[in-house]
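Peer 1: Right, I'll just put the structure down here and ask away after.
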Amino acid sequence: MSEDGRFGIEEEYFLADAVTRGIGRKVSAAFIESAQRAFPDEVQREMLQSQIEVATPICRTMAQARQSLTKLRTGLAGLALEHDMLLLACGTHPSAAWSRQRVTDAARYDTLMRDLQMLGSRNQLCGLHVHVEVVDEDERIRLMARIMPFLPVMLALSTSSPFWQGRRTGLMGYRLAAYGELPRTGLPELFADPADYRAYLDTMVAAGAIKDASYIWWAIRPSDKHPTLELRIADSCTRLDDTLAIVALYRCLVRHLLRHPGLNADLTPASRAIACENLWRAQRYGIHGGLVDEPSRSMRSVPSLVADLVARLVDDARALGCEAELALCNDIAAAGTSADVQLAVYEEARGRAGGQTAGLAAVVDWIASETRLDATGWGRSGARHRGAA
């Protein structure tokens with residue numbers, strides 16, 4: 001890891017109609033042109049036209065990351081409003097129908113859609129990706145396995161996808177369940193060593209199953225383009241503070257594991273199976289359920305696991321200058337994720353205005369407001385601040 005722990009962040013957003021709050025089949029070409037003029041190096045199209053992705057420059061401090069994402073969120077949200085659209089940072093759109101989406105015109109996406117068929121059209125999902133520089137390639141591959149037991153905690157803290165196709169799913173993080181339809185997703189395999197991973201990758205490419213490593217979509221992977229280990233487990237976080245908390249947690253974990261080479265160096269297939277169970281529990285319950293703790297062979301609450309993890313990483317956070325952002329993980333675990341607020345907003349609006357349609361519209365409005373960093377009356381718990389309308 002570089003001394004300053006260089007990193008980069010990618011966020012995926014939905015583009016919704018500002019009047020209907022749903023997602024149309026085709027996004028305005030004028031908006032895309034305006035967005036790419038304003039942010040020529042940061043904005044990219046996604047596979048579906050109703051989505052867009054941003055990437056920060058290489059960052060060395062959390063202040064740089066906050067400044068970059070603030071500029072991107074407010075700038076794109078403002079441009080979207082000029083074109084009668086809303087920018088939404090969340091894992092799933094609360095009410096959009098996947099069957100009405102249109103693929104972005106690009107050679108890579110055409111190839112993917114021919115391969116994935118209906119599963120590609122159903123990929124109406126937005127995630128948060130975090131790249132942390134790890135210079136040594138072998139170390140990146142080893143870390144991919146060693147960090148696996150911590151991934152469910154990061155998912156639990158990021159959950160922002162409780163709705164799908166206009167229905168409550170009963171899950172706090174439905175995105176990963178839908179994403180799991182695609183091949184080469186979920187947790188990576190437990191490779192014996194870096195050579196074993198390379199043998200897998202080389203065989204897949206030589207056989208023509210995939211073009212390159214960018215067609216592997218695991219929850220964490222060595223980047224195909226950069227000397228980084230890329231975290232892909234998290235939902236797109238509605239609140240910027242939540243994004244930065246996940247980023248800080250991940251940066252600290254990478255540094256901590258590099259400083260303690262024996263930690264999680266002896267994972268077994270049973271360890272991976274337990275991590276898979278915990279991934280399901282994080283999807284289902286978010287911060288409210290327990291996760292299986294392999295060392296103690298017990299079920300532990302997410303807030304207690306997060307508190308222990310934050311305490312363990314205090315020296316790493318100090319070295320990386322992200323103590324405040326890491327501490328936000330405890331706040332999320334205590335008070336709730338975006339999914340918690342979405343459900344609270346939905347129930348209040350449904351009861352007050354009457355009906356599911358009103359509830360879903362209120363959720364979209366809350367997500368749009370938080371994405372563009374407006375001041376709102378909603379707190380982390382989903383309860384309104386005193387004096388708010």
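In the structure tokens, chains take letters A, B, ... by order of appearance, with residues numbered from 1 within each chain and ligands from 1 in the order shown.
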Can you list, as a PyMOL selection string, all residues belonging to region 184-238 of chain A that DSSP tags as strand (DSSP E)?
Peer 2: chain A and resi 220-222+228-235
Peer 1: Just all heavy atoms for this one: save the residues we selected as an mmCIF file, in the first residue's frame.
Peer 2:
```cif
data_model
loop_
_atom_site.group_PDB
_atom_site.id
_atom_site.type_symbol
_atom_site.label_atom_id
_atom_site.label_comp_id
_atom_site.auth_asym_id
_atom_site.auth_seq_id
_atom_site.Cartn_x
_atom_site.Cartn_y
_atom_site.Cartn_z
ATOM 1 N N ILE A 220 -15.447 -8.533 -4.526
ATOM 2 C CA ILE A 220 -14.137 -7.888 -4.415
ATOM 3 C C ILE A 220 -13.231 -8.560 -5.436
ATOM 4 O O ILE A 220 -13.334 -9.773 -5.667
ATOM 5 C CB ILE A 220 -13.575 -7.998 -2.977
ATOM 6 C CG1 ILE A 220 -12.333 -7.130 -2.828
ATOM 7 C CG2 ILE A 220 -13.303 -9.458 -2.588
ATOM 8 C CD1 ILE A 220 -11.941 -6.883 -1.382
ATOM 9 N N ARG A 221 -12.378 -7.770 -6.078
ATOM 10 C CA ARG A 221 -11.540 -8.341 -7.130
ATOM 11 C C ARG A 221 -10.302 -7.476 -7.344
ATOM 12 O O ARG A 221 -10.341 -6.256 -7.107
ATOM 13 C CB ARG A 221 -12.309 -8.437 -8.450
ATOM 14 C CG ARG A 221 -12.630 -7.078 -9.064
ATOM 15 C CD ARG A 221 -13.407 -7.166 -10.360
ATOM 16 N NE ARG A 221 -13.627 -5.833 -10.925
ATOM 17 C CZ ARG A 221 -14.345 -5.576 -12.023
ATOM 18 N NH1 ARG A 221 -14.939 -6.582 -12.667
ATOM 19 N NH2 ARG A 221 -14.485 -4.329 -12.474
ATOM 20 N N PRO A 222 -9.202 -8.070 -7.808
ATOM 21 C CA PRO A 222 -8.073 -7.263 -8.279
ATOM 22 C C PRO A 222 -8.514 -6.536 -9.546
ATOM 23 O O PRO A 222 -9.070 -7.141 -10.457
ATOM 24 C CB PRO A 222 -6.987 -8.303 -8.581
ATOM 25 C CG PRO A 222 -7.429 -9.561 -7.890
ATOM 26 C CD PRO A 222 -8.922 -9.516 -7.876
ATOM 27 N N THR A 228 -4.923 -1.866 -8.034
ATOM 28 C CA THR A 228 -5.796 -1.706 -6.876
ATOM 29 C C THR A 228 -6.571 -2.984 -6.600
ATOM 30 O O THR A 228 -6.748 -3.832 -7.474
ATOM 31 C CB THR A 228 -6.823 -0.571 -7.116
ATOM 32 O OG1 THR A 228 -7.663 -0.922 -8.237
ATOM 33 C CG2 THR A 228 -6.135 0.751 -7.386
ATOM 34 N N LEU A 229 -7.055 -3.082 -5.361
ATOM 35 C CA LEU A 229 -8.036 -4.086 -4.986
ATOM 36 C C LEU A 229 -9.379 -3.366 -4.913
ATOM 37 O O LEU A 229 -9.532 -2.392 -4.181
ATOM 38 C CB LEU A 229 -7.681 -4.714 -3.640
ATOM 39 C CG LEU A 229 -8.553 -5.882 -3.190
ATOM 40 C CD1 LEU A 229 -8.424 -7.063 -4.152
ATOM 41 C CD2 LEU A 229 -8.187 -6.324 -1.765
ATOM 42 N N GLU A 230 -10.340 -3.844 -5.701
ATOM 43 C CA GLU A 230 -11.605 -3.123 -5.893
ATOM 44 C C GLU A 230 -12.723 -3.750 -5.073
ATOM 45 O O GLU A 230 -13.092 -4.907 -5.276
ATOM 46 C CB GLU A 230 -11.990 -3.141 -7.372
ATOM 47 C CG GLU A 230 -13.289 -2.408 -7.676
ATOM 48 C CD GLU A 230 -13.730 -2.581 -9.121
ATOM 49 O OE1 GLU A 230 -13.049 -3.311 -9.880
ATOM 50 O OE2 GLU A 230 -14.769 -1.993 -9.486
ATOM 51 N N LEU A 231 -13.273 -2.975 -4.156
ATOM 52 C CA LEU A 231 -14.442 -3.379 -3.376
ATOM 53 C C LEU A 231 -15.696 -3.127 -4.191
ATOM 54 O O LEU A 231 -15.901 -2.027 -4.707
ATOM 55 C CB LEU A 231 -14.509 -2.574 -2.074
ATOM 56 C CG LEU A 231 -15.706 -2.870 -1.163
ATOM 57 C CD1 LEU A 231 -15.514 -4.198 -0.452
ATOM 58 C CD2 LEU A 231 -15.907 -1.746 -0.150
ATOM 59 N N ARG A 232 -16.584 -4.135 -4.290
ATOM 60 C CA ARG A 232 -17.789 -4.015 -5.107
ATOM 61 C C ARG A 232 -19.036 -4.478 -4.354
ATOM 62 O O ARG A 232 -20.100 -4.612 -4.935
ATOM 63 C CB ARG A 232 -17.622 -4.849 -6.383
ATOM 64 C CG ARG A 232 -16.469 -4.416 -7.252
ATOM 65 C CD ARG A 232 -16.166 -5.412 -8.368
ATOM 66 N NE ARG A 232 -17.336 -5.725 -9.158
ATOM 67 C CZ ARG A 232 -17.799 -4.990 -10.163
ATOM 68 N NH1 ARG A 232 -17.171 -3.880 -10.513
ATOM 69 N NH2 ARG A 232 -18.869 -5.360 -10.833
ATOM 70 N N ILE A 233 -18.913 -4.732 -3.065
ATOM 71 C CA ILE A 233 -19.992 -5.331 -2.294
ATOM 72 C C ILE A 233 -21.120 -4.352 -1.984
ATOM 73 O O ILE A 233 -22.277 -4.745 -1.838
ATOM 74 C CB ILE A 233 -19.444 -5.906 -0.965
ATOM 75 C CG1 ILE A 233 -20.482 -6.790 -0.271
ATOM 76 C CG2 ILE A 233 -19.001 -4.800 -0.016
ATOM 77 C CD1 ILE A 233 -20.732 -8.087 -0.960
ATOM 78 N N ALA A 234 -20.806 -3.060 -1.896
ATOM 79 C CA ALA A 234 -21.731 -2.097 -1.308
ATOM 80 C C ALA A 234 -22.800 -1.617 -2.286
ATOM 81 O O ALA A 234 -22.541 -1.434 -3.470
ATOM 82 C CB ALA A 234 -20.958 -0.889 -0.768
ATOM 83 N N ASP A 235 -24.004 -1.389 -1.752
ATOM 84 C CA ASP A 235 -25.031 -0.646 -2.483
ATOM 85 C C ASP A 235 -24.543 0.777 -2.714
ATOM 86 O O ASP A 235 -23.737 1.312 -1.934
ATOM 87 C CB ASP A 235 -26.328 -0.565 -1.668
ATOM 88 C CG ASP A 235 -27.161 -1.835 -1.729
ATOM 89 O OD1 ASP A 235 -26.725 -2.821 -2.345
ATOM 90 O OD2 ASP A 235 -28.260 -1.839 -1.129
#
```
Peer 1: List the neighbours of Ser34 (chain A) out to 10 Å using only C-alpha atoms; skip same-chain residues closer than 6 positions along the sequence, and give me the result as number ranges by chain.
Peer 2: A: 40, 76, 79-80, 83
Peer 1: Kindly indicate which residue among A:Val134, A:Met299, A:Leu143, A:Ala219 lies nearest to His260 (chain A), using only C-alpha atoms for the distances.
Peer 2: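 For His260 (chain A), the nearest of the given residues is A:Leu143.
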Peer 1: Between A:Ala96, A:Cys126, A:Cys252, A:Trp164, which residue has the minimum interatomic distance to Arg6 (chain A), considering only C-alpha atoms?
Peer 2: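 Selected residue with least distance to Arg6 (chain A): A:Cys252.
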Peer 1: Could you check the closest approach to Gly166 (chain A) for each of A:Ala311, A:Ile23, A:Ile141, A:Leu305 and tell me which residue wins, using only C-alpha atoms?
Peer 2: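 Under the stated criterion, the closest residue is A:Ile23.
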Peer 1: Between A:Val43, A:Leu244, A:Cys329, A:Cys90, which has the minimum distance to Ala156 (chain A) (counting only C-alpha atoms)?
Peer 2: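 Checking each of A:Val43, A:Leu244, A:Cys329, A:Cys90 against Ala156 (chain A), counting only C-alpha atoms, the winner is A:Cys329.
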Peer 1: Please identify which residues in region 134-324 of chain A DSSP calls helix (DSSP H, G or I) from the backbone, and express them as an MDAnalysis selection string.
Peer 2: chainID A and resid 137:146 148:158 175:179 194:206 213:215 240:259 269:288 302:312 314:320 323:324
Peer 1: Between CA of Arg239 (chain A) and CA of Ile332 (chain A), what is the distance in Å, rounded to a tenth?
Peer 2: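 Taking CA of Arg239 (chain A) and CA of Ile332 (chain A), their separation equals 10.7 Å.
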Peer 1: Using only C-alpha atoms, can you tell me which of A:Asp365, A:Arg60, A:Pro183, A:Thr203 comes closest to Asp115 (chain A)?
Peer 2: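 Nearest candidate to Asp115 (chain A) out of A:Asp365, A:Arg60, A:Pro183, A:Thr203: A:Pro183.
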Peer 1: Taking only C-alpha atoms into account, which of A:His93, A:Ala16, A:Arg281, A:Arg167 comes nearest Thr357 (chain A)?
Peer 2: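 Closest to Thr357 (chain A) of all the choices is A:Arg167.
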Peer 1: Please identify all polymer residues within 8 Å of Val314 (chain A), counting only C-alpha atoms, omitting same-chain residues fewer than 4 positions from it, and present them as a list in words.
Peer 2: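 Result of the neighbour search: Val310, Arg318 and Glu323 of chain A.
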